[in-house]
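Participant: This is the content of structure00.json (JSON, C-alpha atoms and all ligand atoms):
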[["chain", "number", "residue", "atom", "x", "y", "z"],
["N", 1, "MET", "CA", 184.59, 106.34, 111.05],
["N", 2, "ALA", "CA", 187.18, 108.19, 113.13],
["N", 3, "THR", "CA", 188.65, 111.26, 111.43],
["N", 4, "PRO", "CA", 191.64, 112.88, 113.14],
["N", 5, "PRO", "CA", 190.91, 116.54, 113.90],
["N", 6, "ARG", "CA", 192.85, 119.27, 112.13],
["N", 7, "VAL", "CA", 195.39, 120.63, 114.63],
["N", 8, "PHE", "CA", 196.55, 124.26, 114.69],
["N", 9, "HIS", "CA", 199.39, 125.67, 116.74],
["N", 10, "ASP", "CA", 199.31, 129.13, 115.16],
["N", 11, "PRO", "CA", 196.37, 131.25, 116.40],
["N", 12, "ALA", "CA", 196.60, 133.63, 113.41],
["N", 13, "LEU", "CA", 196.20, 130.77, 110.94],
["N", 14, "LEU", "CA", 193.23, 129.42, 112.90],
["N", 15, "ARG", "CA", 191.57, 132.84, 112.86],
["N", 16, "SER", "CA", 191.91, 133.26, 109.11],
["N", 17, "GLU", "CA", 190.61, 129.73, 108.46],
["N", 18, "ILE", "CA", 187.60, 130.36, 110.73],
["N", 19, "ARG", "CA", 186.87, 133.63, 108.92],
["N", 20, "GLN", "CA", 187.01, 131.74, 105.62],
["N", 21, "ALA", "CA", 184.64, 129.04, 106.91],
["N", 22, "GLN", "CA", 182.22, 131.75, 108.09],
["N", 23, "ALA", "CA", 182.47, 133.50, 104.72],
["N", 24, "ASP", "CA", 181.46, 130.16, 103.20],
["N", 25, "GLY", "CA", 178.30, 130.27, 105.34],
["N", 26, "LYS", "CA", 179.42, 127.96, 108.14],
["N", 27, "ARG", "CA", 178.36, 128.50, 111.74],
["N", 28, "VAL", "CA", 181.32, 127.94, 114.06],
["N", 29, "GLY", "CA", 181.18, 126.70, 117.66],
["N", 30, "LEU", "CA", 183.99, 127.06, 120.19],
["N", 31, "VAL", "CA", 184.76, 124.75, 123.14],
["N", 32, "PRO", "CA", 187.57, 126.10, 125.33],
["N", 33, "THR", "CA", 189.29, 123.45, 127.48],
["N", 34, "MET", "CA", 192.49, 122.75, 129.34],
["N", 35, "GLY", "CA", 192.68, 119.25, 127.86],
["N", 36, "ALA", "CA", 192.71, 115.92, 129.72],
["N", 37, "LEU", "CA", 189.40, 115.48, 127.98],
["N", 38, "HIS", "CA", 186.58, 113.38, 129.44],
["N", 39, "PRO", "CA", 182.91, 112.87, 128.53],
["N", 40, "GLY", "CA", 182.02, 116.22, 130.15],
["N", 41, "HIS", "CA", 184.19, 118.06, 127.61],
["N", 42, "LEU", "CA", 182.94, 115.84, 124.80],
["N", 43, "SER", "CA", 179.33, 116.69, 125.67],
["N", 44, "LEU", "CA", 180.18, 120.33, 124.87],
["N", 45, "VAL", "CA", 181.55, 119.25, 121.49],
["N", 46, "ALA", "CA", 178.39, 117.22, 120.84],
["N", 47, "GLU", "CA", 176.23, 120.20, 121.84],
["N", 48, "SER", "CA", 178.18, 122.47, 119.50],
["N", 49, "GLN", "CA", 177.70, 120.00, 116.67],
["N", 50, "LYS", "CA", 173.92, 120.19, 117.09],
["N", 51, "SER", "CA", 173.83, 123.84, 116.00],
["N", 52, "CYS", "CA", 177.21, 124.47, 114.34],
["N", 53, "ASP", "CA", 178.80, 123.25, 111.11],
["N", 54, "LEU", "CA", 182.32, 123.31, 112.52],
["N", 55, "THR", "CA", 183.56, 122.98, 116.11],
["N", 56, "VAL", "CA", 186.82, 124.47, 117.33],
["N", 57, "VAL", "CA", 188.22, 122.97, 120.53],
["N", 58, "THR", "CA", 191.05, 124.78, 122.26],
["N", 59, "ILE", "CA", 193.45, 122.90, 124.53],
["N", 60, "PHE", "CA", 195.52, 125.25, 126.66],
["N", 61, "VAL", "CA", 196.50, 125.00, 130.31],
["N", 62, "ASN", "CA", 196.30, 128.69, 131.07],
["N", 63, "PRO", "CA", 199.03, 129.72, 133.52],
["N", 64, "THR", "CA", 197.39, 132.98, 134.63],
["N", 65, "GLN", "CA", 194.36, 131.31, 136.21],
["N", 66, "PHE", "CA", 196.48, 129.25, 138.62],
["N", 67, "ALA", "CA", 197.86, 130.84, 141.79],
["N", 68, "PRO", "CA", 201.34, 129.87, 143.01],
["N", 69, "GLY", "CA", 200.98, 126.55, 144.84],
["N", 70, "GLU", "CA", 197.99, 125.42, 142.76],
["N", 71, "ASP", "CA", 198.30, 122.50, 140.34],
["N", 72, "PHE", "CA", 199.49, 124.27, 137.14],
["N", 73, "THR", "CA", 202.66, 122.22, 136.74],
["N", 74, "LYS", "CA", 201.08, 118.89, 137.62],
["N", 75, "TYR", "CA", 197.82, 119.53, 135.71],
["N", 76, "PRO", "CA", 197.31, 116.45, 133.46],
["N", 77, "ARG", "CA", 198.45, 116.91, 129.86],
["N", 78, "THR", "CA", 197.23, 114.10, 127.59],
["N", 79, "LEU", "CA", 197.25, 115.57, 124.08],
["N", 80, "ASP", "CA", 197.47, 112.31, 122.08],
["N", 81, "ALA", "CA", 194.54, 110.78, 123.95],
["N", 82, "ASP", "CA", 192.59, 114.05, 123.61],
["N", 83, "LEU", "CA", 193.03, 114.08, 119.83],
["N", 84, "GLU", "CA", 191.99, 110.45, 119.67],
["N", 85, "LEU", "CA", 188.76, 111.20, 121.56],
["N", 86, "LEU", "CA", 188.05, 114.19, 119.33],
["N", 87, "SER", "CA", 188.49, 112.08, 116.20],
["N", 88, "GLU", "CA", 185.03, 110.65, 116.93],
["N", 89, "TYR", "CA", 183.59, 114.11, 116.19],
["N", 90, "ASP", "CA", 183.90, 115.59, 112.73],
["N", 91, "PRO", "CA", 184.53, 118.28, 111.64],
["N", 92, "VAL", "CA", 186.63, 119.44, 114.58],
["N", 93, "TRP", "CA", 189.57, 121.80, 114.55],
["N", 94, "VAL", "CA", 191.86, 121.91, 117.59],
["N", 95, "LEU", "CA", 194.02, 124.82, 118.68],
["N", 96, "VAL", "CA", 197.00, 123.82, 120.82],
["N", 97, "PRO", "CA", 198.92, 127.06, 121.30],
["N", 98, "GLU", "CA", 202.24, 127.65, 123.04],
["N", 99, "VAL", "CA", 202.12, 129.99, 126.05],
["N", 100, "ASP", "CA", 204.01, 132.68, 124.09],
["N", 101, "ALA", "CA", 201.39, 132.59, 121.34],
["N", 102, "MET", "CA", 198.62, 133.49, 123.83],
["N", 103, "TYR", "CA", 200.79, 135.78, 125.99],
["N", 104, "PRO", "CA", 203.19, 137.54, 123.60],
["N", 105, "PRO", "CA", 206.43, 138.27, 125.48],
["N", 106, "GLY", "CA", 206.14, 141.64, 127.17],
["N", 107, "SER", "CA", 202.34, 141.60, 127.34],
["N", 108, "THR", "CA", 200.92, 143.20, 130.48],
["N", 109, "THR", "CA", 197.27, 143.76, 129.54],
["N", 110, "GLU", "CA", 194.71, 141.77, 131.53],
["N", 111, "VAL", "CA", 190.94, 141.56, 131.83],
["N", 112, "LYS", "CA", 189.57, 142.40, 135.27],
["N", 113, "ALA", "CA", 186.75, 139.92, 135.80],
["N", 114, "PRO", "CA", 183.28, 141.35, 136.51],
["N", 115, "GLU", "CA", 181.92, 141.67, 140.06],
["N", 116, "ILE", "CA", 180.12, 138.34, 139.83],
["N", 117, "ALA", "CA", 183.60, 136.78, 140.15],
["N", 118, "GLU", "CA", 184.04, 138.03, 143.70],
["N", 119, "PRO", "CA", 182.06, 135.62, 145.94],
["N", 120, "LEU", "CA", 182.46, 131.82, 146.16],
["N", 121, "GLU", "CA", 185.48, 130.85, 144.01],
["N", 122, "GLY", "CA", 186.69, 134.46, 144.09],
["N", 123, "THR", "CA", 187.07, 134.31, 147.87],
["N", 124, "PHE", "CA", 189.30, 131.25, 147.72],
["N", 125, "ARG", "CA", 191.00, 131.82, 144.34],
["N", 126, "PRO", "CA", 191.31, 135.61, 144.15],
["N", 127, "ILE", "CA", 193.20, 135.82, 140.82],
["N", 128, "HIS", "CA", 191.48, 132.88, 139.15],
["N", 129, "PHE", "CA", 188.68, 134.61, 137.27],
["N", 130, "ASP", "CA", 190.88, 137.49, 136.05],
["N", 131, "GLY", "CA", 193.04, 134.79, 134.43],
["N", 132, "VAL", "CA", 189.99, 132.99, 133.06],
["N", 133, "ALA", "CA", 188.43, 136.18, 131.67],
["N", 134, "THR", "CA", 191.75, 137.19, 130.09],
["N", 135, "ILE", "CA", 192.34, 133.87, 128.34],
["N", 136, "VAL", "CA", 188.72, 133.43, 127.27],
["N", 137, "LEU", "CA", 188.65, 136.89, 125.69],
["N", 138, "LYS", "CA", 191.92, 136.06, 123.88],
["N", 139, "LEU", "CA", 190.42, 132.77, 122.68],
["N", 140, "PHE", "CA", 187.38, 134.67, 121.41],
["N", 141, "GLN", "CA", 189.82, 136.87, 119.44],
["N", 142, "VAL", "CA", 191.75, 134.00, 117.87],
["N", 143, "ALA", "CA", 188.67, 131.81, 117.39],
["N", 144, "PRO", "CA", 185.93, 134.33, 116.49],
["N", 145, "ALA", "CA", 183.18, 131.72, 116.72],
["N", 146, "ASP", "CA", 179.44, 132.32, 116.55],
["N", 147, "ALA", "CA", 178.79, 130.47, 119.81],
["N", 148, "ALA", "CA", 180.92, 129.21, 122.71],
["N", 149, "PHE", "CA", 179.97, 126.22, 124.86],
["N", 150, "PHE", "CA", 180.75, 126.04, 128.58],
["N", 151, "GLY", "CA", 179.83, 123.51, 131.27],
["N", 152, "GLN", "CA", 177.49, 124.16, 134.18],
["N", 153, "LYS", "CA", 180.10, 122.26, 136.22],
["N", 154, "ASP", "CA", 181.85, 125.64, 136.50],
["N", 155, "PHE", "CA", 178.65, 127.55, 137.23],
["N", 156, "GLN", "CA", 180.26, 130.79, 138.37],
["N", 157, "GLN", "CA", 182.67, 130.71, 135.42],
["N", 158, "VAL", "CA", 179.73, 130.73, 133.00],
["N", 159, "ARG", "CA", 178.24, 133.75, 134.80],
["N", 160, "VAL", "CA", 181.63, 135.52, 134.66],
["N", 161, "ILE", "CA", 181.89, 134.92, 130.93],
["N", 162, "GLN", "CA", 178.28, 135.93, 130.24],
["N", 163, "GLU", "CA", 178.85, 139.23, 132.07],
["N", 164, "MET", "CA", 182.22, 139.84, 130.41],
["N", 165, "VAL", "CA", 180.71, 139.28, 126.96],
["N", 166, "ARG", "CA", 177.87, 141.67, 127.78],
["N", 167, "ASP", "CA", 180.15, 144.33, 129.30],
["N", 168, "LEU", "CA", 182.82, 144.22, 126.58],
["N", 169, "LEU", "CA", 180.34, 143.90, 123.68],
["N", 170, "VAL", "CA", 181.81, 140.62, 122.44],
["N", 171, "PRO", "CA", 179.68, 139.30, 119.55],
["N", 172, "ILE", "CA", 179.37, 135.67, 120.62],
["N", 173, "GLU", "CA", 176.55, 133.54, 122.02],
["N", 174, "ILE", "CA", 177.34, 131.78, 125.31],
["N", 175, "VAL", "CA", 175.72, 128.37, 125.78],
["N", 176, "ARG", "CA", 175.67, 126.63, 129.16],
["N", 177, "CYS", "CA", 175.58, 122.82, 129.00],
["N", 178, "PRO", "CA", 174.54, 120.35, 131.76],
["N", 179, "ILE", "CA", 176.99, 118.63, 134.12],
["N", 180, "VAL", "CA", 178.09, 115.17, 133.00],
["N", 181, "ARG", "CA", 178.48, 112.76, 135.91],
["N", 182, "GLU", "CA", 179.96, 109.34, 136.52],
["N", 183, "ALA", "CA", 177.38, 106.56, 136.98],
["N", 184, "ASP", "CA", 177.64, 106.98, 140.76],
["N", 185, "GLY", "CA", 177.02, 110.74, 140.60],
["N", 186, "LEU", "CA", 180.54, 112.18, 140.87],
["N", 187, "ALA", "CA", 180.81, 115.20, 138.57],
["N", 188, "MET", "CA", 183.40, 114.43, 135.90],
["N", 189, "SER", "CA", 186.57, 116.48, 136.21],
["N", 190, "SER", "CA", 190.11, 116.26, 134.91],
["N", 191, "ARG", "CA", 191.14, 116.52, 138.57],
["N", 192, "ASN", "CA", 189.27, 113.32, 139.58],
["N", 193, "ARG", "CA", 192.32, 111.37, 138.45],
["N", 194, "TYR", "CA", 194.22, 112.77, 141.46],
["N", 195, "LEU", "CA", 191.83, 110.92, 143.84],
["N", 196, "SER", "CA", 192.81, 107.63, 145.48],
["N", 197, "PRO", "CA", 190.04, 104.99, 145.57],
["N", 198, "GLU", "CA", 189.32, 105.90, 149.22],
["N", 199, "GLU", "CA", 189.22, 109.61, 148.42],
["N", 200, "ARG", "CA", 186.91, 108.97, 145.51],
["N", 201, "GLU", "CA", 184.44, 107.32, 147.93],
["N", 202, "VAL", "CA", 184.63, 110.37, 150.18],
["N", 203, "ALA", "CA", 184.20, 112.68, 147.16],
["N", 204, "LEU", "CA", 180.89, 111.01, 146.35],
["N", 205, "SER", "CA", 179.39, 112.68, 149.41],
["N", 206, "ILE", "CA", 179.44, 115.97, 147.48],
["N", 207, "SER", "CA", 177.04, 114.94, 144.71],
["N", 208, "ARG", "CA", 175.03, 112.81, 147.14],
["N", 209, "SER", "CA", 174.43, 115.67, 149.58],
["N", 210, "LEU", "CA", 173.61, 118.08, 146.73],
["N", 211, "ASN", "CA", 171.13, 115.60, 145.37],
["N", 212, "GLU", "CA", 169.48, 115.09, 148.76],
["N", 213, "ALA", "CA", 169.15, 118.84, 149.28],
["N", 214, "ALA", "CA", 167.69, 119.24, 145.78],
["N", 215, "GLN", "CA", 165.09, 116.59, 146.56],
["N", 216, "ARG", "CA", 164.14, 118.35, 149.79],
["N", 217, "ILE", "CA", 163.72, 121.66, 147.94],
["N", 218, "GLU", "CA", 161.61, 119.96, 145.29],
["N", 219, "ALA", "CA", 159.50, 118.54, 148.11],
["N", 220, "GLY", "CA", 158.93, 122.02, 149.53],
["N", 221, "ASP", "CA", 161.74, 122.71, 152.05],
["N", 222, "SER", "CA", 162.55, 126.40, 151.77],
["N", 223, "ASN", "CA", 164.90, 127.18, 154.65],
["N", 224, "ALA", "CA", 168.30, 127.67, 153.02],
["N", 225, "GLU", "CA", 170.25, 127.78, 156.29],
["N", 226, "VAL", "CA", 168.91, 124.42, 157.46],
["N", 227, "LEU", "CA", 169.67, 122.86, 154.08],
["N", 228, "ARG", "CA", 173.16, 124.33, 154.03],
["N", 229, "ASP", "CA", 173.90, 122.98, 157.53],
["N", 230, "THR", "CA", 172.63, 119.55, 156.50],
["N", 231, "ILE", "CA", 174.95, 119.49, 153.46],
["N", 232, "GLU", "CA", 177.93, 120.57, 155.57],
["N", 233, "GLN", "CA", 177.19, 117.89, 158.14],
["N", 234, "SER", "CA", 176.93, 115.19, 155.45],
["N", 235, "LEU", "CA", 180.26, 116.27, 153.97],
["N", 236, "ARG", "CA", 181.96, 116.30, 157.35],
["N", 237, "SER", "CA", 180.58, 112.94, 158.41],
["N", 238, "ALA", "CA", 181.79, 111.46, 155.11],
["N", 239, "GLY", "CA", 185.30, 112.61, 156.07],
["N", 240, "ILE", "CA", 185.69, 115.92, 154.24],
["N", 241, "GLY", "CA", 187.68, 118.16, 156.56],
["N", 242, "GLU", "CA", 188.12, 121.24, 154.40],
["N", 243, "ILE", "CA", 184.95, 122.79, 153.03],
["N", 244, "ASP", "CA", 185.56, 126.08, 151.21],
["N", 245, "TYR", "CA", 181.88, 126.88, 150.81],
["N", 246, "VAL", "CA", 178.36, 125.51, 150.63],
["N", 247, "SER", "CA", 176.06, 128.16, 149.22],
["N", 248, "LEU", "CA", 172.40, 128.28, 148.21],
["N", 249, "ALA", "CA", 172.33, 131.21, 145.87],
["N", 250, "CYS", "CA", 170.36, 133.06, 143.23],
["N", 251, "PRO", "CA", 171.49, 131.59, 139.89],
["N", 252, "ARG", "CA", 171.72, 135.07, 138.34],
["N", 253, "THR", "CA", 173.41, 137.14, 141.06],
["N", 254, "LEU", "CA", 175.05, 134.28, 143.02],
["N", 255, "LYS", "CA", 173.97, 136.09, 146.20],
["N", 256, "PRO", "CA", 172.94, 133.75, 149.04],
["N", 257, "VAL", "CA", 169.22, 133.27, 149.57],
["N", 258, "GLU", "CA", 167.51, 132.79, 152.94],
["N", 259, "THR", "CA", 164.13, 131.53, 151.84],
["N", 260, "ILE", "CA", 163.87, 129.50, 148.67],
["N", 261, "GLU", "CA", 161.08, 131.03, 146.63],
["N", 262, "GLY", "CA", 162.40, 130.59, 143.10],
["N", 263, "ASP", "CA", 165.18, 128.82, 141.22],
["N", 264, "VAL", "CA", 168.26, 128.30, 143.35],
["N", 265, "VAL", "CA", 171.74, 126.96, 142.69],
["N", 266, "ILE", "CA", 173.51, 125.01, 145.41],
["N", 267, "LEU", "CA", 177.27, 125.30, 145.03],
["N", 268, "VAL", "CA", 179.95, 123.36, 146.89],
["N", 269, "ALA", "CA", 183.74, 123.58, 146.90],
["N", 270, "ALA", "CA", 185.69, 121.25, 149.15],
["N", 271, "LYS", "CA", 189.03, 119.55, 149.39],
["N", 272, "VAL", "CA", 189.26, 115.78, 149.41],
["N", 273, "GLY", "CA", 192.81, 115.01, 150.46],
["N", 274, "THR", "CA", 194.77, 117.60, 148.51],
["N", 275, "THR", "CA", 192.32, 117.68, 145.59],
["N", 276, "ARG", "CA", 189.92, 120.62, 145.42],
["N", 277, "LEU", "CA", 186.57, 119.68, 143.92],
["N", 278, "ILE", "CA", 183.57, 121.79, 142.93],
["N", 279, "ASP", "CA", 180.02, 120.78, 142.11],
["N", 280, "ASN", "CA", 176.58, 122.35, 141.94],
["N", 281, "VAL", "CA", 172.94, 121.67, 141.22],
["N", 282, "LEU", "CA", 170.20, 123.95, 139.90],
["N", 283, "VAL", "CA", 166.86, 123.40, 141.60],
["N", 284, "SER", "CA", 163.33, 124.74, 141.20],
["N", 285, "PRO", "CA", 161.01, 124.66, 144.20],
["N", 286, "PRO", "CA", 157.48, 123.31, 143.68],
["N", 287, "ALA", "CA", 155.16, 125.86, 142.09],
["N", 288, "SER", "CA", 153.32, 127.69, 144.86],
["X", 301, "LIG", "P1", 188.37, 122.60, 131.84],
["X", 301, "LIG", "O1", 189.14, 121.78, 130.87],
["X", 301, "LIG", "O2", 188.28, 122.04, 133.20],
["X", 301, "LIG", "O3", 188.78, 124.06, 131.80],
["X", 301, "LIG", "O4", 186.87, 122.58, 131.31],
["X", 301, "LIG", "C1", 186.56, 122.98, 130.01],
["X", 301, "LIG", "C2", 185.07, 123.08, 129.86],
["X", 301, "LIG", "O5", 184.48, 121.82, 130.12],
["X", 301, "LIG", "C3", 184.44, 124.08, 130.87],
["X", 301, "LIG", "O6", 183.41, 124.80, 130.21],
["X", 301, "LIG", "C4", 183.90, 123.16, 131.91],
["X", 301, "LIG", "O7", 182.80, 123.71, 132.63],
["X", 301, "LIG", "C5", 183.45, 121.98, 131.07],
["X", 301, "LIG", "N1", 183.32, 120.79, 131.90],
["X", 301, "LIG", "C6", 184.25, 120.25, 132.73],
["X", 301, "LIG", "N2", 183.74, 119.19, 133.39],
["X", 301, "LIG", "C7", 182.46, 119.05, 132.95],
["X", 301, "LIG", "C8", 181.40, 118.13, 133.27],
["X", 301, "LIG", "N3", 181.55, 117.15, 134.14],
["X", 301, "LIG", "N4", 180.22, 118.28, 132.62],
["X", 301, "LIG", "C9", 180.04, 119.30, 131.72],
["X", 301, "LIG", "N5", 181.00, 120.19, 131.39],
["X", 301, "LIG", "C10", 182.18, 120.06, 131.99]]
Give the structure from the file, written as structure tokens.

Facilitator:
Amino acid sequence: MATPPRVFHDPALLRSEIRQAQADGKRVGLVPTMGALHPGHLSLVAESQKSCDLTVVTIFVNPTQFAPGEDFTKYPRTLDADLELLSEYDPVWVLVPEVDAMYPPGSTTEVKAPEIAEPLEGTFRPIHFDGVATIVLKLFQVAPADAAFFGQKDFQQVRVIQEMVRDLLVPIEIVRCPIVREADGLAMSSRNRYLSPEEREVALSISRSLNEAAQRIEAGDSNAEVLRDTIEQSLRSAGIGEIDYVSLACPRTLKPVETIEGDVVILVAAKVGTTRLIDNVLVSPPAS
């Protein structure tokens, strides 16, 4: 039976209730989101529920991770529908803070994201990960959970948070969860709703070309440059004009690899129309 989640607007109240739950022996999981929830987000809630007694979902469109000209103002905000979806998961608490509650007026302190933030997304969105690291650390303060669940969809983001937690000695376990896709392969994203039907067709070339490259690696292809060129060509012939990057990289360092000898992550960021999409796949070559 659907049970509406308990909604908090006051971070201090949430923190004291979480501390109380933990004092009562409950393990608490945290799922940070910007809302406009879809099955990808809900998979993180389900994963949290496997190991935690209580799941806290935060819904906050964080202004500091958007550069001027990005989609902060038009980012979808669908709180009623989000709460409805979360009512299928119990017990769930939801924090929906005002901007001033997360950024007290006059605050000037920020987190500088670790070096792993610099390539890939960092090249095209230079302030993005500082904003992400800052808000995620604040969320860890107001929701001092035992574990936090993040999606592989944002592969570099997970690495940024893992390194931040290590560097700043934050006592929380970071769990990376698999990408949830539409039936046709498109990685689910709150931004997919910006795509016209024609653009959505074009967008499919991203997951398709990643999948083809993964199959070639699994079959023994090890030349990263050839594979990268093939992906770029597939994207261009599908009609994608603006490719930010296609990278075959070490999953730990995110540095590009030349010869694929171990696990590799293939990451793509590209614009379809005006919508910027990212996707990735983790691949293991055949055992030598
Ligand atoms: P967002 O609301 O876009 O900030 O995403 C919140 C969390 O959901 C992040 O950890 C994302 O990586 C994760 N997420 C978004 N889309 C997906 C997806 N398709 N599959 C799995 N996790 C996802």

Participant: Could you build a table of the residues in chain N lying no more than 10 Å from ligand LIG 301 (chain X), giving for each the nearest pair of atoms and their separation in Å rounded to one decimal place, using all atoms listed in the file, ordered by chain and ascending residue number, as JSON lines?

Facilitator:
{"residue": "N:Val31", "atom": "CA", "partner": "X:LIG301", "partner_atom": "C2", "distance": 6.9}
{"residue": "N:Pro32", "atom": "CA", "partner": "X:LIG301", "partner_atom": "C1", "distance": 5.7}
{"residue": "N:Thr33", "atom": "CA", "partner": "X:LIG301", "partner_atom": "C1", "distance": 3.8}
{"residue": "N:Met34", "atom": "CA", "partner": "X:LIG301", "partner_atom": "O1", "distance": 3.8}
{"residue": "N:Gly35", "atom": "CA", "partner": "X:LIG301", "partner_atom": "O1", "distance": 5.3}
{"residue": "N:Ala36", "atom": "CA", "partner": "X:LIG301", "partner_atom": "O1", "distance": 7.0}
{"residue": "N:Leu37", "atom": "CA", "partner": "X:LIG301", "partner_atom": "O1", "distance": 6.9}
{"residue": "N:His38", "atom": "CA", "partner": "X:LIG301", "partner_atom": "N2", "distance": 7.6}
{"residue": "N:Pro39", "atom": "CA", "partner": "X:LIG301", "partner_atom": "N3", "distance": 7.2}
{"residue": "N:Gly40", "atom": "CA", "partner": "X:LIG301", "partner_atom": "N4", "distance": 3.7}
{"residue": "N:His41", "atom": "CA", "partner": "X:LIG301", "partner_atom": "O5", "distance": 4.5}
{"residue": "N:Leu42", "atom": "CA", "partner": "X:LIG301", "partner_atom": "N5", "distance": 8.1}
{"residue": "N:Ser43", "atom": "CA", "partner": "X:LIG301", "partner_atom": "C9", "distance": 6.6}
{"residue": "N:Leu44", "atom": "CA", "partner": "X:LIG301", "partner_atom": "N5", "distance": 6.6}
{"residue": "N:Val45", "atom": "CA", "partner": "X:LIG301", "partner_atom": "O5", "distance": 9.5}
{"residue": "N:Val57", "atom": "CA", "partner": "X:LIG301", "partner_atom": "C1", "distance": 9.6}
{"residue": "N:Thr58", "atom": "CA", "partner": "X:LIG301", "partner_atom": "C1", "distance": 9.1}
{"residue": "N:Ile59", "atom": "CA", "partner": "X:LIG301", "partner_atom": "O1", "distance": 7.7}
{"residue": "N:Phe60", "atom": "CA", "partner": "X:LIG301", "partner_atom": "O1", "distance": 8.4}
{"residue": "N:Val61", "atom": "CA", "partner": "X:LIG301", "partner_atom": "O3", "distance": 7.9}
{"residue": "N:Asn62", "atom": "CA", "partner": "X:LIG301", "partner_atom": "O3", "distance": 8.9}
{"residue": "N:Val132", "atom": "CA", "partner": "X:LIG301", "partner_atom": "O3", "distance": 9.1}
{"residue": "N:Ala148", "atom": "CA", "partner": "X:LIG301", "partner_atom": "O6", "distance": 9.0}
{"residue": "N:Phe149", "atom": "CA", "partner": "X:LIG301", "partner_atom": "O6", "distance": 6.5}
{"residue": "N:Phe150", "atom": "CA", "partner": "X:LIG301", "partner_atom": "O6", "distance": 3.4}
{"residue": "N:Gly151", "atom": "CA", "partner": "X:LIG301", "partner_atom": "O7", "distance": 3.3}
{"residue": "N:Gln152", "atom": "CA", "partner": "X:LIG301", "partner_atom": "O7", "distance": 5.5}
{"residue": "N:Lys153", "atom": "CA", "partner": "X:LIG301", "partner_atom": "O7", "distance": 4.7}
{"residue": "N:Asp154", "atom": "CA", "partner": "X:LIG301", "partner_atom": "O7", "distance": 4.4}
{"residue": "N:Phe155", "atom": "CA", "partner": "X:LIG301", "partner_atom": "O7", "distance": 7.3}
{"residue": "N:Gln156", "atom": "CA", "partner": "X:LIG301", "partner_atom": "O7", "distance": 9.5}
{"residue": "N:Gln157", "atom": "CA", "partner": "X:LIG301", "partner_atom": "O7", "distance": 7.5}
{"residue": "N:Val158", "atom": "CA", "partner": "X:LIG301", "partner_atom": "O6", "distance": 7.5}
{"residue": "N:Val175", "atom": "CA", "partner": "X:LIG301", "partner_atom": "O6", "distance": 9.6}
{"residue": "N:Arg176", "atom": "CA", "partner": "X:LIG301", "partner_atom": "O6", "distance": 8.0}
{"residue": "N:Cys177", "atom": "CA", "partner": "X:LIG301", "partner_atom": "C9", "distance": 6.3}
{"residue": "N:Pro178", "atom": "CA", "partner": "X:LIG301", "partner_atom": "C9", "distance": 5.6}
{"residue": "N:Ile179", "atom": "CA", "partner": "X:LIG301", "partner_atom": "N4", "distance": 3.6}
{"residue": "N:Val180", "atom": "CA", "partner": "X:LIG301", "partner_atom": "N4", "distance": 3.8}
{"residue": "N:Arg181", "atom": "CA", "partner": "X:LIG301", "partner_atom": "N3", "distance": 5.6}
{"residue": "N:Glu182", "atom": "CA", "partner": "X:LIG301", "partner_atom": "N3", "distance": 8.3}
{"residue": "N:Leu186", "atom": "CA", "partner": "X:LIG301", "partner_atom": "N3", "distance": 8.4}
{"residue": "N:Ala187", "atom": "CA", "partner": "X:LIG301", "partner_atom": "N3", "distance": 4.9}
{"residue": "N:Met188", "atom": "CA", "partner": "X:LIG301", "partner_atom": "N3", "distance": 3.7}
{"residue": "N:Ser189", "atom": "CA", "partner": "X:LIG301", "partner_atom": "N2", "distance": 4.8}
{"residue": "N:Ser190", "atom": "CA", "partner": "X:LIG301", "partner_atom": "O2", "distance": 6.3}
{"residue": "N:Arg191", "atom": "CA", "partner": "X:LIG301", "partner_atom": "O2", "distance": 8.2}
{"residue": "N:Ile278", "atom": "CA", "partner": "X:LIG301", "partner_atom": "N2", "distance": 9.9}
{"residue": "N:Asp279", "atom": "CA", "partner": "X:LIG301", "partner_atom": "N3", "distance": 8.9}

Participant: Determine, counting all atoms listed in the file, which protein, DNA and RNA residues have an atom within 12 Å of an atom of N:Lys255; residues of the same chain fewer than 2 positions away are not included. Present the result as a PyMOL selection string.

Facilitator: chain N and resi 115-120+156+247-253+257-258+264-267

Participant: Choose the residue, out of N:Leu137, N:Glu173, N:Phe72, N:Glu98, that has the smallest atom-to-atom separation from N:Val28; count only C-alpha atoms.

Facilitator: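 Checking each candidate against N:Val28, we get N:Glu173 as the closest.
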
Participant: Measuring between all atoms listed in the file, which one of N:Ile206, N:Ala213, N:Ile174, N:Leu86 shows the shortest distance to N:Ser237?

Facilitator: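 Closest to N:Ser237, using all atoms listed in the file: N:Ile206.
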
Participant: Which of these residues is nearest to N:Ala2, using all atoms listed in the file: N:Lys138, N:Leu14, N:Tyr89, N:Asp53?

Facilitator: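 Nearest candidate to N:Ala2 out of N:Lys138, N:Leu14, N:Tyr89, N:Asp53: N:Tyr89.
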
Participant: So which one's closest to N:Glu225, N:Ile260, N:Ile18, N:Ile240, N:Leu195? Using only C-alpha atoms, please.

Facilitator: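 Selected residue with least distance to N:Glu225: N:Ile260.
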
Participant: N:Phe66: which residues within 10 Å, counting all atoms listed in the file, same-chain residues fewer than 5 positions away excluded, as a list in words?

Facilitator: Val61, Asp71, Phe72, Thr73, Arg125, Pro126, Ile127, His128, Phe129, Gly131 and Val132 of chain N

Participant: Could you work out how far atom CA of N:Pro11 lies from atom CA of N:Val96, giving the answer in Å with one decimal?

Facilitator: 8.7 Å
